[in-house]
>>> print(open('data.cif').read())   # mmCIF, C-alpha atoms
data_input
loop_
_atom_site.label_atom_id
_atom_site.label_comp_id
_atom_site.auth_asym_id
_atom_site.auth_seq_id
_atom_site.Cartn_x
_atom_site.Cartn_y
_atom_site.Cartn_z
CA MET F 75 98.84 68.42 83.02
CA HIS F 76 97.14 70.54 85.69
CA PRO F 77 99.53 72.96 87.47
CA ILE F 78 98.83 71.37 90.87
CA ILE F 79 99.74 67.91 89.55
CA GLN F 80 102.92 69.37 88.05
CA HIS F 81 103.70 70.94 91.41
CA ILE F 82 103.14 67.66 93.27
CA HIS F 83 105.53 65.93 90.87
CA LYS F 84 108.12 68.66 91.26
CA ILE F 85 108.03 68.79 95.07
CA THR F 86 107.82 65.06 95.78
CA ALA F 87 109.92 63.81 92.85
CA GLY F 88 107.13 61.22 92.68
CA THR F 89 104.35 60.62 90.19
CA VAL F 90 100.61 60.89 90.65
CA THR F 91 99.58 57.80 88.73
CA ASP F 92 96.02 59.03 88.22
CA ALA F 93 95.40 62.77 88.50
CA LEU F 94 91.60 62.67 88.35
CA PRO F 95 91.02 61.34 91.89
CA VAL F 96 93.35 64.02 93.29
CA LEU F 97 91.69 66.84 91.32
CA SER F 98 88.22 65.63 92.34
CA PHE F 99 88.88 66.91 95.90
CA PHE F 100 89.18 70.50 94.64
CA GLU F 101 86.90 73.18 93.25
CA ALA F 102 88.13 75.71 90.68
CA HIS F 103 87.27 79.37 91.25
CA SER F 104 88.14 82.65 89.55
CA PHE F 105 88.32 85.98 91.31
CA ARG F 106 88.47 89.51 89.94
CA LYS F 107 91.16 91.92 91.04
CA LYS F 108 90.42 93.16 94.60
CA GLU F 109 87.76 90.48 95.16
CA MET F 110 87.74 88.86 98.63
CA LEU F 111 88.23 85.09 98.99
CA GLN F 112 87.96 85.12 102.79
CA GLU F 113 86.82 87.78 105.23
CA GLU F 114 88.35 88.29 108.67
CA GLY F 115 86.01 87.06 111.41
CA LYS F 116 84.03 84.73 109.13
CA ARG F 117 84.37 80.96 109.26
CA CYS F 118 87.47 79.67 107.51
CA VAL F 119 86.19 76.98 105.16
CA ALA F 120 88.82 76.70 102.43
CA TYR F 121 92.49 76.33 101.64
CA PHE F 122 93.57 77.96 98.36
CA PHE F 123 96.15 76.86 95.82
CA VAL F 124 97.04 79.64 93.37
CA VAL F 125 96.87 78.42 89.76
CA LYS F 126 97.34 81.89 88.29
CA GLY F 127 97.48 85.34 89.84
CA CYS F 128 98.32 86.68 93.28
CA LEU F 129 96.67 86.72 96.72
CA ARG F 130 97.41 88.59 99.91
CA LEU F 131 96.55 87.73 103.51
CA PHE F 132 95.93 90.63 105.88
CA PHE F 133 94.18 91.80 109.02
CA THR F 134 92.87 95.18 110.11
CA ASP F 135 94.69 96.51 113.14
CA THR F 136 93.20 98.46 116.05
CA ASN F 137 93.83 101.72 114.17
CA GLY F 138 91.80 100.45 111.20
CA VAL F 139 94.92 100.01 109.05
CA GLU F 140 95.22 96.88 106.88
CA GLN F 141 98.38 94.93 107.71
CA THR F 142 99.51 92.46 105.04
CA LEU F 143 101.31 89.37 106.37
CA GLN F 144 101.72 87.11 103.34
CA PHE F 145 101.50 86.96 99.59
CA ALA F 146 100.85 83.91 97.42
CA LEU F 147 101.82 83.67 93.75
CA GLU F 148 101.40 80.64 91.45
CA ASN F 149 101.87 77.26 93.21
CA TRP F 150 101.58 78.77 96.69
CA TRP F 151 99.02 77.78 99.28
CA MET F 152 97.12 80.26 101.43
CA THR F 153 94.65 80.18 104.31
CA ASP F 154 94.53 81.02 108.02
CA LEU F 155 96.02 77.61 108.74
CA ASP F 156 95.19 77.67 112.43
CA ALA F 157 91.51 78.49 111.74
CA PHE F 158 91.35 76.02 108.85
CA ARG F 159 92.62 73.20 111.07
CA SER F 160 90.36 74.03 114.01
CA GLY F 161 87.21 75.18 112.19
CA LYS F 162 87.44 78.57 113.93
CA ASN F 163 86.69 81.93 112.36
CA SER F 164 89.52 83.32 110.27
CA GLY F 165 91.76 85.91 111.89
CA TYR F 166 92.67 87.24 108.44
CA SER F 167 91.16 88.33 105.16
CA ILE F 168 92.37 87.03 101.81
CA GLN F 169 92.08 89.18 98.70
CA ALA F 170 93.02 88.82 95.02
CA LEU F 171 95.60 91.41 93.93
CA GLU F 172 95.23 90.43 90.27
CA PRO F 173 92.62 88.45 88.37
CA THR F 174 93.27 85.11 90.08
CA GLU F 175 92.42 81.45 89.52
CA VAL F 176 92.57 79.09 92.48
CA LEU F 177 91.77 75.57 93.48
CA SER F 178 90.01 75.44 96.83
CA ILE F 179 89.59 72.53 99.21
CA SER F 180 87.52 72.18 102.40
CA HIS F 181 89.06 70.79 105.59
CA GLY F 182 87.11 67.55 105.32
CA ASP F 183 88.28 67.02 101.74
CA TYR F 184 91.84 67.97 102.69
CA GLU F 185 91.86 65.21 105.32
CA GLN F 186 90.32 62.73 102.88
CA LEU F 187 92.84 63.68 100.19
CA LEU F 188 95.73 63.02 102.59
CA LYS F 189 94.25 59.65 103.53
CA SER F 190 93.55 58.69 99.92
CA ASN F 191 97.08 58.98 98.61
CA ALA F 192 100.39 58.53 100.46
CA LEU F 193 102.12 60.86 97.99
CA MET F 194 99.95 63.72 99.25
CA GLU F 195 101.39 63.27 102.75
CA VAL F 196 104.87 63.59 101.28
CA TYR F 197 103.79 66.63 99.28
CA PHE F 198 102.28 68.55 102.18
CA ARG F 199 105.10 67.55 104.54
CA LYS F 200 107.54 69.13 102.09
CA VAL F 201 105.36 72.19 101.43
CA TYR F 202 105.13 72.89 105.17
CA GLU F 203 108.78 72.09 105.81
CA ARG F 204 109.77 74.79 103.30
CA ALA F 205 107.18 77.26 104.50
CA TYR F 206 108.22 76.76 108.12
CA ALA F 207 111.92 77.12 107.29
CA ALA F 208 111.16 80.37 105.44
CA SER F 209 109.06 81.67 108.32
CA LEU F 210 111.97 81.21 110.74
CA LEU F 211 114.10 83.46 108.54
CA ARG F 212 111.30 85.98 108.32
CA ILE F 213 110.94 85.98 112.11
CA GLN F 214 114.68 86.60 112.40
CA LEU F 215 114.47 89.57 110.08
CA ILE F 216 111.59 91.26 111.84
CA SER F 217 111.89 90.16 115.42
CA ARG F 218 114.28 92.68 116.86
CA ILE F 219 111.63 95.12 117.93
CA PRO F 220 108.80 93.12 119.50
CA LYS F 221 106.26 94.74 121.77
CA GLN F 222 104.72 94.48 125.16
CA ALA F 223 101.69 92.78 123.55
CA PHE F 224 103.99 90.00 122.43
CA TYR F 225 105.13 89.45 126.01
CA GLU F 226 101.55 89.35 127.26
CA ASN F 227 100.57 86.82 124.61
CA PHE F 228 103.61 84.75 125.42
CA GLU F 229 102.87 84.87 129.15
CA SER F 230 99.29 83.70 128.70
CA LYS F 231 100.18 80.94 126.23
CA TYR F 232 103.35 79.59 127.79
CA PRO F 233 103.34 80.23 131.55
CA ASP F 234 105.71 77.25 132.04
CA PHE F 235 108.35 78.90 129.93
CA LEU F 236 108.44 81.96 132.12
CA GLN F 237 109.31 79.76 135.10
CA ARG F 238 112.01 77.79 133.29
CA ILE F 239 113.78 80.32 131.12
CA PRO F 240 116.46 82.63 132.51
CA GLN F 241 115.41 86.29 132.58
CA LYS F 242 118.33 87.34 130.40
CA VAL F 243 117.48 84.84 127.66
CA LEU F 244 113.79 85.68 127.80
CA ALA F 245 114.64 89.36 127.49
CA SER F 246 116.68 88.70 124.35
CA PHE F 247 113.83 86.62 122.90
CA LEU F 248 111.48 89.52 123.45
CA GLY F 249 113.96 92.14 122.29
CA PHE F 250 114.01 93.82 125.70
CA THR F 251 116.86 94.75 128.01
CA PRO F 252 116.82 92.55 131.15
CA GLU F 253 116.07 95.69 133.19
CA TYR F 254 113.05 96.54 131.04
CA LEU F 255 111.70 92.99 131.32
CA SER F 256 112.15 93.02 135.09
CA GLU F 257 110.26 96.32 135.31
CA LEU F 258 107.48 95.00 133.05
CA ARG F 259 107.00 91.86 135.14
CA LYS F 260 106.92 93.84 138.35
CA ASN F 261 104.21 96.11 136.96
CA ARG F 262 102.17 93.17 135.70
CA LYS F 263 102.34 91.40 139.06
CA GLN F 264 101.02 94.52 140.79
CA LYS F 265 98.13 94.74 138.31
CA LYS F 266 96.97 91.16 139.01
CA MET N 290 107.42 53.47 125.68
CA HIS N 291 109.95 56.03 124.46
CA PRO N 292 108.68 59.65 124.57
CA ILE N 293 109.16 60.09 120.80
CA ILE N 294 107.04 57.02 120.08
CA GLN N 295 104.38 58.34 122.47
CA HIS N 296 104.51 61.67 120.64
CA ILE N 297 104.12 60.00 117.22
CA HIS N 298 101.06 58.12 118.51
CA LYS N 299 99.58 61.28 119.97
CA ILE N 300 100.09 63.46 116.86
CA THR N 301 99.12 60.92 114.22
CA ALA N 302 96.44 59.04 116.15
CA GLY N 303 98.22 56.06 114.58
CA THR N 304 100.35 53.30 116.03
CA VAL N 305 104.00 52.53 115.42
CA THR N 306 103.72 48.75 115.20
CA ASP N 307 107.42 48.25 115.91
CA ALA N 308 109.28 51.05 117.68
CA LEU N 309 112.79 49.64 117.34
CA PRO N 310 113.27 50.38 113.62
CA VAL N 311 112.12 53.99 114.19
CA LEU N 312 114.40 54.50 117.20
CA SER N 313 117.36 53.00 115.31
CA PHE N 314 117.55 56.16 113.15
CA PHE N 315 118.31 58.32 116.20
CA GLU N 316 121.20 58.84 118.58
CA ALA N 317 120.61 59.78 122.22
CA HIS N 318 122.70 62.60 123.69
CA SER N 319 122.80 64.46 126.98
CA PHE N 320 123.92 68.06 127.39
CA ARG N 321 124.80 70.04 130.47
CA LYS N 322 123.18 73.39 131.20
CA LYS N 323 124.65 76.06 128.83
CA GLU N 324 126.32 73.44 126.61
CA MET N 325 126.14 74.11 122.86
CA LEU N 326 124.46 71.58 120.54
CA GLN N 327 125.10 73.62 117.38
CA GLU N 328 127.31 76.63 116.71
CA GLU N 329 126.39 79.41 114.31
CA GLY N 330 128.45 79.23 111.11
CA LYS N 331 129.31 75.53 111.50
CA ARG N 332 127.76 72.83 109.37
CA CYS N 333 124.24 71.90 110.43
CA VAL N 334 124.31 68.12 110.76
CA ALA N 335 121.48 67.26 113.13
CA TYR N 336 117.84 67.73 113.96
CA PHE N 337 117.04 67.53 117.68
CA PHE N 338 113.98 66.13 119.46
CA VAL N 339 113.82 67.21 123.11
CA VAL N 340 113.22 64.22 125.40
CA LYS N 341 113.79 66.21 128.60
CA GLY N 342 114.95 69.76 129.23
CA CYS N 343 114.95 72.95 127.23
CA LEU N 344 116.86 74.35 124.23
CA ARG N 345 117.10 77.79 122.70
CA LEU N 346 117.98 78.83 119.13
CA PHE N 347 119.75 82.17 118.71
CA PHE N 348 122.09 84.23 116.56
CA THR N 349 124.55 86.97 117.40
CA ASP N 350 123.58 90.28 115.81
CA THR N 351 125.91 92.89 114.33
CA ASN N 352 126.22 94.54 117.75
CA GLY N 353 127.40 91.28 119.30
CA VAL N 354 124.12 90.76 121.14
CA GLU N 355 122.59 87.26 121.26
CA GLN N 356 119.05 87.27 119.82
CA THR N 357 116.91 84.28 120.79
CA LEU N 358 114.34 83.24 118.18
CA GLN N 359 112.91 79.98 119.49
CA PHE N 360 112.68 77.71 122.48
CA ALA N 361 112.08 73.98 122.53
CA LEU N 362 110.71 72.07 125.52
CA GLU N 363 109.87 68.35 125.71
CA ASN N 364 108.48 66.89 122.44
CA TRP N 365 109.60 69.86 120.35
CA TRP N 366 111.94 69.70 117.41
CA MET N 367 114.77 72.16 116.81
CA THR N 368 117.33 72.88 114.12
CA ASP N 369 118.11 75.53 111.49
CA LEU N 370 115.66 73.79 109.18
CA ASP N 371 116.83 75.62 106.06
CA ALA N 372 120.47 74.66 106.69
CA PHE N 373 119.52 71.11 107.72
CA ARG N 374 117.63 70.60 104.46
CA SER N 375 120.33 72.11 102.24
CA GLY N 376 123.49 70.96 104.05
CA LYS N 377 124.56 74.59 104.50
CA ASN N 378 126.20 76.06 107.58
CA SER N 379 123.81 76.88 110.37
CA GLY N 380 122.72 80.50 110.68
CA TYR N 381 121.96 79.90 114.36
CA SER N 382 123.39 78.45 117.53
CA ILE N 383 121.49 75.98 119.71
CA GLN N 384 122.18 75.81 123.44
CA ALA N 385 120.81 73.83 126.38
CA LEU N 386 119.14 76.06 128.98
CA GLU N 387 118.79 73.16 131.43
CA PRO N 388 120.39 69.72 131.64
CA THR N 389 118.83 68.34 128.46
CA GLU N 390 118.37 64.94 126.82
CA VAL N 391 117.75 64.82 123.09
CA LEU N 392 117.43 62.40 120.23
CA SER N 393 119.38 63.58 117.19
CA ILE N 394 119.05 62.54 113.58
CA SER N 395 121.20 63.34 110.53
CA HIS N 396 119.64 64.56 107.29
CA GLY N 397 120.37 61.28 105.52
CA ASP N 398 118.73 59.29 108.30
CA TYR N 399 115.79 61.71 108.40
CA GLU N 400 115.14 61.05 104.72
CA GLN N 401 115.50 57.30 105.22
CA LEU N 402 113.18 57.37 108.22
CA LEU N 403 110.50 59.15 106.17
CA LYS N 404 110.87 56.60 103.39
CA SER N 405 110.84 53.64 105.77
CA ASN N 406 107.50 54.31 107.40
CA ALA N 407 104.43 56.06 105.95
CA LEU N 408 103.32 57.05 109.47
CA MET N 409 106.43 59.23 109.77
CA GLU N 410 105.29 61.30 106.76
CA VAL N 411 101.97 61.87 108.53
CA TYR N 412 103.80 62.74 111.75
CA PHE N 413 106.14 65.32 110.25
CA ARG N 414 103.42 66.78 108.04
CA LYS N 415 101.38 67.42 111.20
CA VAL N 416 104.36 68.70 113.20
CA TYR N 417 105.20 71.24 110.46
CA GLU N 418 101.58 72.17 109.87
CA ARG N 419 101.29 73.15 113.54
CA ALA N 420 104.64 74.88 113.64
CA TYR N 421 103.88 76.83 110.49
CA ALA N 422 100.44 77.86 111.75
CA ALA N 423 102.03 79.07 115.00
CA SER N 424 104.72 80.99 113.13
CA LEU N 425 102.10 82.93 111.17
CA LEU N 426 100.61 84.11 114.45
CA ARG N 427 104.04 85.01 115.75
CA ILE N 428 104.77 87.00 112.59
CA GLN N 429 101.49 88.85 113.07
CA LEU N 430 102.42 89.75 116.63
CA ILE N 431 105.85 91.09 115.82
CA SER N 432 105.56 92.30 112.25
CA ARG N 433 104.29 95.81 112.69
CA ILE N 434 107.69 97.42 112.87
CA PRO N 435 109.88 95.83 110.21
CA LYS N 436 113.01 97.48 108.98
CA GLN N 437 114.78 98.62 105.87
CA ALA N 438 116.87 95.41 105.99
CA PHE N 439 113.68 93.45 105.62
CA TYR N 440 112.83 95.38 102.46
CA GLU N 441 116.29 94.78 101.02
CA ASN N 442 116.09 91.06 101.70
CA PHE N 443 112.63 90.93 100.20
CA GLU N 444 113.79 92.83 97.12
CA SER N 445 116.71 90.46 96.49
CA LYS N 446 114.69 87.29 97.10
CA TYR N 447 111.44 88.17 95.37
CA PRO N 448 112.09 90.72 92.60
CA ASP N 449 108.93 89.51 90.77
CA PHE N 450 106.78 90.49 93.69
CA LEU N 451 107.95 94.06 93.57
CA GLN N 452 106.74 94.32 89.98
CA ARG N 453 103.35 92.73 90.63
CA ILE N 454 102.28 94.05 94.00
CA PRO N 455 100.66 97.48 94.38
CA GLN N 456 102.87 99.98 96.23
CA LYS N 457 100.24 100.56 98.90
CA VAL N 458 99.91 96.86 99.72
CA LEU N 459 103.66 96.35 99.73
CA ALA N 460 104.04 99.29 102.11
CA SER N 461 101.56 97.73 104.54
CA PHE N 462 103.40 94.39 104.31
CA LEU N 463 106.61 96.14 105.23
CA GLY N 464 105.01 98.33 107.88
CA PHE N 465 105.90 101.50 105.99
CA THR N 466 103.78 104.43 104.84
CA PRO N 467 103.46 104.45 101.01
CA GLU N 468 105.42 107.73 100.99
CA TYR N 469 108.31 106.21 102.96
CA LEU N 470 108.43 103.18 100.64
CA SER N 471 108.45 105.40 97.58
CA GLU N 472 111.33 107.44 99.04
CA LEU N 473 113.25 104.25 99.94
CA ARG N 474 112.90 102.83 96.42
CA LYS N 475 114.00 106.10 94.86
CA ASN N 476 117.14 106.17 97.02
CA ARG N 477 117.96 102.55 96.24
CA LYS N 478 117.59 103.07 92.51
CA GLN N 479 120.04 105.97 92.69
CA LYS N 480 122.55 103.81 94.58
CA LYS N 481 122.50 101.05 91.92
#
>>> encode(input="data.cif", output="structure tokens")
Amino acid sequence: MHPIIQHIHKITAGTVTDALPVLSFFEAHSFRKKEMLQEEGKRCVAYFFVVKGCLRLFFTDTNGVEQTLQFALENWWMTDLDAFRSGKNSGYSIQALEPTEVLSISHGDYEQLLKSNALMEVYFRKVYERAYAASLLRIQLISRIPKQAFYENFESKYPDFLQRIPQKVLASFLGFTPEYLSELRKNRKQKK
Amino acid sequence: MHPIIQHIHKITAGTVTDALPVLSFFEAHSFRKKEMLQEEGKRCVAYFFVVKGCLRLFFTDTNGVEQTLQFALENWWMTDLDAFRSGKNSGYSIQALEPTEVLSISHGDYEQLLKSNALMEVYFRKVYERAYAASLLRIQLISRIPKQAFYENFESKYPDFLQRIPQKVLASFLGFTPEYLSELRKNRKQKK
């Protein structure tokens, strides 16, 4: 049985009655060690399922240093999910760290696959539920020293929040002292 | 129409043909400003959908300082998802920042709800897909200065990774220089 079908069975505790229609939505690809599957800034056209090997997702920061955000071993999924969903250019590169075999699926086929088989909705709901739960823990572990850039992003994305959330709570979210946050906001108001 | 039914329609582009069975899985609760919905260390028994108001999710760090990780406004979901799924004690507290109305659902009812209506699988798959995509961006924004604790957690959770991933890539994932990582690993080996 193909590893992805095994994985669907394991995660959903359900059975894919006919694997061929599911597999027909995917293409199989092999990559050499260090080969790129996706380049930062290019259109994000595929979602990868790791059959064998290991991928990493990274971006190049303003100092030219590669910053790795995620790894994917066997049975893990990887893409710039935001870009994949929206058809935007990828904010990240994806590279094979070992000789790697993947299944890839385009966004159109991903949507068709979900429509074609109710078990696939259950599967992806559970895959994302786990991934999202894990990401919350990761955010906890690394979030104690955020940066001014994080505040600026937050301000531009969620202006409503800044009106509704008490200064002290917002400061703790950002990892600032209330005094530092107050100073920062004052300076930003003067700039505008 | 109830806000949660409106939200399901909006996210799925589908229609809940009969809202009453869906709503019957939930309980409605109101909380005063600053009231606690969930306390850290107590059993996590509910998942909250914000009908009106604002929640925050936080933990108290080793210095006794409250660290806020997430906010939830109208139409957002909030719980310690890992604890909710596993029945463990919550690693976080949840508090109302404004007078807040929520729908709450237990884990058993959540599973029944998903089984009862295929549209709910689509809904939660899309909710998590978005949330997970957003969390990747958040991790990018705050991940450049992780800490030794992050390495130790990573080491205990994913020992396989440490064998398979090149030192240089692992260092960039952790936000360390390769030299610092090498030093850290040497010290930890000596401790064991």
>>> resolve_selection(input="data.cif", expression="the PyMOL selection byres ((chain F and resi 238-248) around 6)", output="JSON list (two decimals) with C-alpha atoms, keeping the file's coordinate frame")
[["chain", "number", "residue", "atom", "x", "y", "z"],
["F", 220, "PRO", "CA", 108.80, 93.12, 119.50],
["F", 235, "PHE", "CA", 108.35, 78.90, 129.93],
["F", 236, "LEU", "CA", 108.44, 81.96, 132.12],
["F", 237, "GLN", "CA", 109.31, 79.76, 135.10],
["F", 249, "GLY", "CA", 113.96, 92.14, 122.29],
["F", 250, "PHE", "CA", 114.01, 93.82, 125.70],
["F", 251, "THR", "CA", 116.86, 94.75, 128.01],
["F", 252, "PRO", "CA", 116.82, 92.55, 131.15],
["N", 356, "GLN", "CA", 119.05, 87.27, 119.82],
["N", 357, "THR", "CA", 116.91, 84.28, 120.79],
["N", 358, "LEU", "CA", 114.34, 83.24, 118.18]]
>>> resolve_selection(input="data.cif", expression="the PyMOL selection byres ((chain N and resi 327) around 7)", output="PDB file with C-alpha atoms, in the coordinates of the input")
ATOM      1  CA  MET N 325     126.140  74.110 122.860  1.00  0.00           C
ATOM      2  CA  LEU N 326     124.460  71.580 120.540  1.00  0.00           C
ATOM      3  CA  GLU N 328     127.310  76.630 116.710  1.00  0.00           C
ATOM      4  CA  GLU N 329     126.390  79.410 114.310  1.00  0.00           C
ATOM      5  CA  SER N 382     123.390  78.450 117.530  1.00  0.00           C
ATOM      6  CA  ILE N 383     121.490  75.980 119.710  1.00  0.00           C
TER       7      ILE N 383
END
>>> resolve_selection(input="data.cif", expression="the PyMOL selection byres ((chain F and resi 122) around 8)", output="list in words")
Ala120, Tyr121, Phe123, Val124, Trp151, Met152, Thr153, Val176, Leu177, Ser178 and Ile179 of chain F
>>> closest_residue(input="data.cif", among="F:Ser230, F:Thr86, F:Ser209, F:Ser190", to="chain N", atoms="only C-alpha atoms")
F:Ser209
>>> closest_residue(input="data.cif", among="F:Glu195, F:Glu185, F:Asp135, F:Glu109", to="chain N", atoms="all atoms listed in the file")
F:Glu195
>>> atom_distance(input="data.cif", atom1="atom CA of Val305 of chain N", atom2="atom CA of Tyr399 of chain N")
16.5 Å
>>> atom_distance(input="data.cif", atom1="atom CA of Ser98 of chain F", atom2="atom CA of Ala302 of chain N")
26.0 Å
>>> residues_around(input="data.cif", residues="Ala372 of chain N", least_positions_apart="5", cutoff="10 Å", atoms="all atoms listed in the file", output="list in words")
Ala207 of chain F; Arg332, Cys333, Val334, Ala335, Lys377, Asn378, Ser379, Gly380 and Tyr381 of chain N
>>> atom_distance(input="data.cif", atom1="atom CA of Thr174 of chain F", atom2="atom CA of Ile78 of chain F")
14.8 Å
>>> closest_residue(input="data.cif", among="F:Arg106, F:His181, F:His76, F:Lys189", to="chain N", atoms="only C-alpha atoms")
F:Lys189
>>> axis_aligned_box(input="data.cif", around="segment 149-155 of chain F", padding_each_side="4 Å", output="lines of an AutoDock Vina configuration file")
center_x = 98.2
center_y = 79.1
center_z = 101.0
size_x = 15.3
size_y = 11.8
size_z = 23.5
>>> closest_residue(input="data.cif", among="F:Leu187, F:Leu155, F:Val201, F:Ile82", to="chain N", atoms="all atoms listed in the file")
F:Leu155
>>> decode(input="data.cif", residues="segment 138-162 of chain F", atoms="N, CA and C atoms", output="mmCIF file, in the first residue's frame")
data_model
loop_
_atom_site.group_PDB
_atom_site.id
_atom_site.type_symbol
_atom_site.label_atom_id
_atom_site.label_comp_id
_atom_site.auth_asym_id
_atom_site.auth_seq_id
_atom_site.Cartn_x
_atom_site.Cartn_y
_atom_site.Cartn_z
ATOM 1 N N GLY F 138 21.178 38.315 4.433
ATOM 2 C CA GLY F 138 21.624 37.276 3.504
ATOM 3 C C GLY F 138 21.798 35.915 4.156
ATOM 4 N N VAL F 139 21.344 35.783 5.404
ATOM 5 C CA VAL F 139 21.497 34.512 6.118
ATOM 6 C C VAL F 139 20.224 33.677 5.952
ATOM 7 N N GLU F 140 20.401 32.390 5.636
ATOM 8 C CA GLU F 140 19.249 31.489 5.488
ATOM 9 C C GLU F 140 18.692 31.116 6.855
ATOM 10 N N GLN F 141 17.389 31.336 7.034
ATOM 11 C CA GLN F 141 16.728 31.039 8.309
ATOM 12 C C GLN F 141 15.748 29.895 8.094
ATOM 13 N N THR F 142 15.998 28.764 8.713
ATOM 14 C CA THR F 142 15.146 27.583 8.535
ATOM 15 C C THR F 142 13.989 27.618 9.531
ATOM 16 N N LEU F 143 12.764 27.467 9.018
ATOM 17 C CA LEU F 143 11.583 27.530 9.891
ATOM 18 C C LEU F 143 10.969 26.170 10.178
ATOM 19 N N GLN F 144 11.067 25.258 9.223
ATOM 20 C CA GLN F 144 10.411 23.952 9.399
ATOM 21 C C GLN F 144 11.212 22.860 8.734
ATOM 22 N N PHE F 145 11.038 21.654 9.258
ATOM 23 C CA PHE F 145 11.529 20.451 8.601
ATOM 24 C C PHE F 145 10.338 19.549 8.293
ATOM 25 N N ALA F 146 10.505 18.657 7.326
ATOM 26 C CA ALA F 146 9.477 17.646 7.062
ATOM 27 C C ALA F 146 10.175 16.316 6.794
ATOM 28 N N LEU F 147 9.863 15.337 7.632
ATOM 29 C CA LEU F 147 10.331 13.960 7.408
ATOM 30 C C LEU F 147 9.190 13.169 6.755
ATOM 31 N N GLU F 148 9.330 11.857 6.683
ATOM 32 C CA GLU F 148 8.315 10.995 6.076
ATOM 33 C C GLU F 148 6.921 11.278 6.656
ATOM 34 N N ASN F 149 5.924 11.336 5.791
ATOM 35 C CA ASN F 149 4.511 11.531 6.154
ATOM 36 C C ASN F 149 4.181 12.968 6.569
ATOM 37 N N TRP F 150 5.116 13.887 6.375
ATOM 38 C CA TRP F 150 4.813 15.284 6.677
ATOM 39 C C TRP F 150 4.524 16.023 5.382
ATOM 40 N N TRP F 151 3.736 17.067 5.514
ATOM 41 C CA TRP F 151 3.384 17.926 4.397
ATOM 42 C C TRP F 151 4.181 19.209 4.476
ATOM 43 N N MET F 152 4.522 19.781 3.322
ATOM 44 C CA MET F 152 5.247 21.050 3.345
ATOM 45 C C MET F 152 4.929 21.903 2.129
ATOM 46 N N THR F 153 4.654 23.172 2.398
ATOM 47 C CA THR F 153 4.552 24.221 1.373
ATOM 48 C C THR F 153 4.499 25.557 2.111
ATOM 49 N N ASP F 154 4.522 26.670 1.377
ATOM 50 C CA ASP F 154 4.132 27.951 1.965
ATOM 51 C C ASP F 154 2.612 27.971 1.857
ATOM 52 N N LEU F 155 1.949 27.565 2.934
ATOM 53 C CA LEU F 155 0.512 27.298 2.870
ATOM 54 C C LEU F 155 -0.277 28.542 2.469
ATOM 55 N N ASP F 156 0.157 29.684 2.957
ATOM 56 C CA ASP F 156 -0.535 30.933 2.638
ATOM 57 C C ASP F 156 -0.443 31.213 1.130
ATOM 58 N N ALA F 157 0.741 31.043 0.558
ATOM 59 C CA ALA F 157 0.944 31.279 -0.880
ATOM 60 C C ALA F 157 0.232 30.211 -1.710
ATOM 61 N N PHE F 158 0.267 28.977 -1.230
ATOM 62 C CA PHE F 158 -0.393 27.874 -1.943
ATOM 63 C C PHE F 158 -1.897 28.141 -2.043
ATOM 64 N N ARG F 159 -2.482 28.606 -0.944
ATOM 65 C CA ARG F 159 -3.924 28.852 -0.914
ATOM 66 C C ARG F 159 -4.310 30.032 -1.793
ATOM 67 N N SER F 160 -3.443 31.044 -1.840
ATOM 68 C CA SER F 160 -3.822 32.293 -2.505
ATOM 69 C C SER F 160 -3.270 32.393 -3.930
ATOM 70 N N GLY F 161 -2.339 31.492 -4.287
ATOM 71 C CA GLY F 161 -1.722 31.586 -5.616
ATOM 72 C C GLY F 161 -0.624 32.640 -5.698
ATOM 73 N N LYS F 162 -0.219 33.161 -4.521
ATOM 74 C CA LYS F 162 0.847 34.167 -4.485
ATOM 75 C C LYS F 162 2.222 33.523 -4.664
#
